[in-house]
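Trainee: This is the structure I have questions about; it appears just below.
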Amino acid sequence: MESNFTGAEEYQKHFQPRDYLATYYSLEGGPSPETEMIKFNLQCLHKTFGPGGLRGETLIDIGSGPTIYQVLAACEAFKDITLSDLTDRNREELQKWLRKDPGAYDWTPVLKLACELEGNSSRWQEKAEKLRATVKRVLKCNANQSNPLDPVELPPADCVLTLLAMECACCSLSAYRAALCNLAGLLKPGGHLVTTVTLHLSSYMVGKREFSCVAMTKEEVEQAVLDAGFDIEQLLHSDQSYSSNIAPNSGICFIVARKRPGP
């Protein structure tokens with residue numbers, strides 16, 4: 001399987017951000033498995049970064065793709081956020097939204113959902129500006145490198161966030177395990193990893209193109225996090241899945257883990 005895995009070159013050439021956003025992040029069509037997945041992640045992130053949750057100075061989001069929803073809760077809890085992605089197109093899509101360029105993707109419905117969880121859906125414009133002010137940089141990343149942000153070296157962060165990305169970036173379970181160790185290297189001792197992983201998913205569709213994933217069980221993900229030097233503080237396993245014709249996963253796993261103080 002690994003020899004046919006869609007790697008960095010295929011993503012750079014063929015991954016189309018607008019196809020991805022239209023498939024997985026449009027709320028226009030009414031209730032759908034994709035809408036429920038967005039809500040699931042927003043709820044988990046609100047509980048993690050909301051009142052009484054994780055706090056700190058710096059957060060690094062690895063594998064942001066062209067999306068900003070994953071840091072809507074975190075921008076209230078951290079002062080300095082780094083977004084990152086492998087492909088030029090995804091990073092440019094992020095920059096368009098941050099700059100308020102004409103034609104930038106409209107995140108208004110998702111912004112309103114996030115603010116609704118915080119108790120005031122009317123402050124979505126304020127939320128957007130808060131996020132823009134908190135995102136300090138958009139960098140290239142590759143989770144399979146020992147420094148995923150190479151050649152940039154950032155000070156160790158308080159939190160590393162990665163949602164629905166690592167299973168797409170890693171061609172095998174052993175590669176996933178190694179990549180988690182790479183992410184651990186971005187964190188301070190005692191810092192937190194926050195991650196969502198789709199389970200039992202071997203590929204997903206973006207437009208008419210199929211992209212590979214490493215299919216993993218909850219137990220394999222859990223053990224990989226532990227073996228990368230983390231203590232798991234929260235693990236939420238849900239049967240939530242995408243539409244089977246675009247991403248036939250079976251369940252999802254949300255994890256908050258604390259990096260052990262190492263020698």
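Letters A, B, ... go to the chains of the structure tokens in the order shown; residues in each chain start at 1; ligands are counted from 1 in the same order.
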I want to know what sits within 9 Å of Ile246 of chain A, based on only C-alpha atoms, with residues of the same chain fewer than 6 positions away left out; could you give that as a list in words?
Mentor: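 With the cut-off at 9 Å, the set is Thr23, Ser203, Tyr204, Met205, Val206 and Glu210 of chain A.
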Trainee: May I have all residues of segment 5-219 of chain A that DSSP, computed from the backbone, assigns to helix (DSSP H, G or I), given as a ChimeraX atom specification?
Mentor: /A:8-14,17-24,33-49,69-71,74-76,88-99,108-117,121-134,166-169,173-184,218-219
Trainee: If you count only C-alpha atoms, which residues fall within 10 Å of Leu131 of chain A, apart from same-chain ones fewer than 3 positions away, as a list in words?
Mentor: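 Close residues of Leu131 of chain A: Ile68, Tyr69, Val71, Leu72, Ala73, Ala74, Cys75, Glu76, Lys79, Asp80, Ile81, Leu98, Gln125, Glu126, Lys127, Ala128, Thr134, Val135 and Lys136 of chain A.
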Trainee: Of the candidates A:Val214, A:Leu21, A:Met37, A:Leu161, which shows the shortest atom-to-atom distance to Ser84 of chain A, using only C-alpha atoms?
Mentor: A:Leu161
Trainee: For Gly191 of chain A, which residue among A:Thr35, A:Ser250, A:Ser121, A:Thr58 is the nearest when counting only C-alpha atoms?
Mentor: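 Smallest distance to Gly191 of chain A is found for A:Thr58.
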Trainee: Taking only C-alpha atoms into account, produce a table as JSON lines in which each residue of segment 31-81 of chain A with an atom at most 12 Å from an atom of segment 226-245 of chain A appears once, together with its shortest atom pair and the distance in Å to one decimal, ordered by chain and rising number.
Mentor:
```
{"residue": "A:Pro31", "atom": "CA", "partner": "A:Ser243", "partner_atom": "CA", "distance": 11.7}
{"residue": "A:Ser32", "atom": "CA", "partner": "A:Ser243", "partner_atom": "CA", "distance": 7.9}
{"residue": "A:Pro33", "atom": "CA", "partner": "A:Tyr242", "partner_atom": "CA", "distance": 5.1}
{"residue": "A:Glu34", "atom": "CA", "partner": "A:Tyr242", "partner_atom": "CA", "distance": 5.6}
{"residue": "A:Thr35", "atom": "CA", "partner": "A:Tyr242", "partner_atom": "CA", "distance": 9.1}
{"residue": "A:Glu36", "atom": "CA", "partner": "A:Gln240", "partner_atom": "CA", "distance": 7.7}
{"residue": "A:Met37", "atom": "CA", "partner": "A:Gln240", "partner_atom": "CA", "distance": 6.7}
{"residue": "A:Ile38", "atom": "CA", "partner": "A:Tyr242", "partner_atom": "CA", "distance": 10.3}
{"residue": "A:Lys39", "atom": "CA", "partner": "A:Gln240", "partner_atom": "CA", "distance": 10.5}
{"residue": "A:Phe40", "atom": "CA", "partner": "A:Gln240", "partner_atom": "CA", "distance": 8.1}
{"residue": "A:Asn41", "atom": "CA", "partner": "A:Gln240", "partner_atom": "CA", "distance": 10.4}
{"residue": "A:Gln43", "atom": "CA", "partner": "A:Leu236", "partner_atom": "CA", "distance": 11.6}
{"residue": "A:Cys44", "atom": "CA", "partner": "A:Leu236", "partner_atom": "CA", "distance": 8.7}
{"residue": "A:Leu45", "atom": "CA", "partner": "A:Leu236", "partner_atom": "CA", "distance": 11.8}
{"residue": "A:Lys47", "atom": "CA", "partner": "A:Gln234", "partner_atom": "CA", "distance": 10.9}
{"residue": "A:Thr48", "atom": "CA", "partner": "A:Gln234", "partner_atom": "CA", "distance": 9.4}
{"residue": "A:Gly53", "atom": "CA", "partner": "A:Glu233", "partner_atom": "CA", "distance": 11.9}
{"residue": "A:Leu54", "atom": "CA", "partner": "A:Glu233", "partner_atom": "CA", "distance": 11.5}
```
Trainee: The selected residues should be written to file as a PDB file, in the first residue's frame (atoms: N, CA and C atoms).
Mentor:
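Result file follows (out.pdb):
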```pdb
ATOM      1  N   PRO A  31     -28.543  19.410   7.172  1.00  0.00           N
ATOM      2  CA  PRO A  31     -27.889  18.371   7.967  1.00  0.00           C
ATOM      3  C   PRO A  31     -27.172  17.346   7.088  1.00  0.00           C
ATOM      4  N   SER A  32     -25.987  16.959   7.501  1.00  0.00           N
ATOM      5  CA  SER A  32     -25.206  15.960   6.778  1.00  0.00           C
ATOM      6  C   SER A  32     -24.165  15.394   7.729  1.00  0.00           C
ATOM      7  N   PRO A  33     -23.595  14.232   7.405  1.00  0.00           N
ATOM      8  CA  PRO A  33     -22.513  13.708   8.252  1.00  0.00           C
ATOM      9  C   PRO A  33     -21.345  14.690   8.367  1.00  0.00           C
ATOM     10  N   GLU A  34     -21.071  15.432   7.284  1.00  0.00           N
ATOM     11  CA  GLU A  34     -19.963  16.388   7.308  1.00  0.00           C
ATOM     12  C   GLU A  34     -20.250  17.539   8.277  1.00  0.00           C
ATOM     13  N   THR A  35     -21.490  18.035   8.271  1.00  0.00           N
ATOM     14  CA  THR A  35     -21.884  19.079   9.217  1.00  0.00           C
ATOM     15  C   THR A  35     -21.760  18.590  10.653  1.00  0.00           C
ATOM     16  N   GLU A  36     -22.181  17.353  10.884  1.00  0.00           N
ATOM     17  CA  GLU A  36     -22.090  16.787  12.234  1.00  0.00           C
ATOM     18  C   GLU A  36     -20.639  16.631  12.672  1.00  0.00           C
ATOM     19  N   MET A  37     -19.752  16.337  11.721  1.00  0.00           N
ATOM     20  CA  MET A  37     -18.333  16.209  12.051  1.00  0.00           C
ATOM     21  C   MET A  37     -17.747  17.564  12.456  1.00  0.00           C
ATOM     22  N   ILE A  38     -18.147  18.621  11.739  1.00  0.00           N
ATOM     23  CA  ILE A  38     -17.706  19.971  12.113  1.00  0.00           C
ATOM     24  C   ILE A  38     -18.173  20.285  13.537  1.00  0.00           C
ATOM     25  N   LYS A  39     -19.434  20.004  13.825  1.00  0.00           N
ATOM     26  CA  LYS A  39     -19.984  20.293  15.154  1.00  0.00           C
ATOM     27  C   LYS A  39     -19.271  19.493  16.235  1.00  0.00           C
ATOM     28  N   PHE A  40     -18.987  18.235  15.942  1.00  0.00           N
ATOM     29  CA  PHE A  40     -18.275  17.388  16.901  1.00  0.00           C
ATOM     30  C   PHE A  40     -16.925  18.001  17.254  1.00  0.00           C
ATOM     31  N   ASN A  41     -16.166  18.393  16.234  1.00  0.00           N
ATOM     32  CA  ASN A  41     -14.844  18.971  16.480  1.00  0.00           C
ATOM     33  C   ASN A  41     -14.934  20.309  17.199  1.00  0.00           C
ATOM     34  N   GLN A  43     -17.259  21.293  19.237  1.00  0.00           N
ATOM     35  CA  GLN A  43     -17.646  21.032  20.627  1.00  0.00           C
ATOM     36  C   GLN A  43     -16.457  20.541  21.451  1.00  0.00           C
ATOM     37  N   CYS A  44     -15.687  19.618  20.878  1.00  0.00           N
ATOM     38  CA  CYS A  44     -14.509  19.104  21.579  1.00  0.00           C
ATOM     39  C   CYS A  44     -13.506  20.218  21.847  1.00  0.00           C
ATOM     40  N   LEU A  45     -13.288  21.060  20.847  1.00  0.00           N
ATOM     41  CA  LEU A  45     -12.308  22.136  20.985  1.00  0.00           C
ATOM     42  C   LEU A  45     -12.788  23.198  21.962  1.00  0.00           C
ATOM     43  N   LYS A  47     -14.685  22.648  24.590  1.00  0.00           N
ATOM     44  CA  LYS A  47     -14.480  22.087  25.930  1.00  0.00           C
ATOM     45  C   LYS A  47     -13.003  22.102  26.314  1.00  0.00           C
ATOM     46  N   THR A  48     -12.136  21.927  25.337  1.00  0.00           N
ATOM     47  CA  THR A  48     -10.692  21.856  25.607  1.00  0.00           C
ATOM     48  C   THR A  48     -10.095  23.226  25.884  1.00  0.00           C
ATOM     49  N   GLY A  53     -10.240  25.556  30.653  1.00  0.00           N
ATOM     50  CA  GLY A  53      -9.488  24.637  29.811  1.00  0.00           C
ATOM     51  C   GLY A  53      -8.025  25.020  29.656  1.00  0.00           C
ATOM     52  N   LEU A  54      -7.404  24.482  28.617  1.00  0.00           N
ATOM     53  CA  LEU A  54      -5.979  24.732  28.376  1.00  0.00           C
ATOM     54  C   LEU A  54      -5.742  26.207  28.073  1.00  0.00           C
TER      55      LEU A  54
END
```
Trainee: Which residue is closest to Glu153 of chain A? Choose from A:Lys140, A:Lys208, A:Lys130, A:Lys218 and count only C-alpha atoms.
Mentor: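 Selected residue with least distance to Glu153 of chain A: A:Lys140.
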Trainee: Between A:Leu27, A:Ala178, A:Ala22, A:Val138, which has the minimum distance to Lys96 of chain A (counting only C-alpha atoms)?
Mentor: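 Looking only at the distances to Lys96 of chain A, the closest residue turns out to be A:Val138.
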Trainee: From the list A:Gly29, A:Pro17, A:Pro148, A:Pro155, which residue is nearest Leu180 of chain A when using only C-alpha atoms?
Mentor: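 When distances to Leu180 of chain A are compared using only C-alpha atoms, the smallest one comes from A:Pro148.
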Trainee: Could you jot down the atom CA of His46 of chain A to atom CA of Leu187 of chain A separation for me, Å, one decimal place?
Mentor: 21.3 Å
Trainee: What is the atom CA of Tyr20 of chain A-atom CA of Leu113 of chain A distance in Å, reported with one decimal?
Mentor: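 One can read the atom CA of Tyr20 of chain A to atom CA of Leu113 of chain A distance as 19.8 Å.
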Trainee: If we count only C-alpha atoms, what is near Asn249 of chain A at a cut-off of 6 Å, once residues fewer than 4 positions away on the same chain are taken out, given as a list in words?
Mentor: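 Using only C-alpha atoms, the neighbours found are Leu199, His200, Leu201 and Ser241 of chain A.
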Trainee: Write out as a ChimeraX atom specification all residues of segment 27-219 of chain A that backbone DSSP assigns to strand (DSSP E).
Mentor: /A:56-61,78-85,135-140,157-163,187-198,203-206,209-212
Trainee: Could you check how far atom CA of Lys100 of chain A sits from atom CA of Cys115 of chain A, in Å to one decimal?
Mentor: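 So the answer is 19.7 Å.
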Trainee: Where does segment 30-90 of chain A meet segment 4-14 of chain A within 10 Å, residue by residue, with the nearest atom pair and distance in Å to one decimal for each, counting only C-alpha atoms, listed by chain and rising number, as a Markdown table?
Mentor:
```
| residue | atom | partner | partner_atom | distance |
| --- | --- | --- | --- | --- |
| A:Leu86 | CA | A:Ala8 | CA | 7.3 |
| A:Thr87 | CA | A:Gln12 | CA | 5.1 |
| A:Asp88 | CA | A:Gln12 | CA | 6.9 |
| A:Arg89 | CA | A:Gln12 | CA | 7.7 |
| A:Asn90 | CA | A:Gln12 | CA | 9.2 |
```
Trainee: Which is closest to Gly65 of chain A among A:Leu149, A:Ala114, A:Met216, A:Met166, if we use only C-alpha atoms?
Mentor: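 Among the listed residues, A:Met166 lies closest to Gly65 of chain A.
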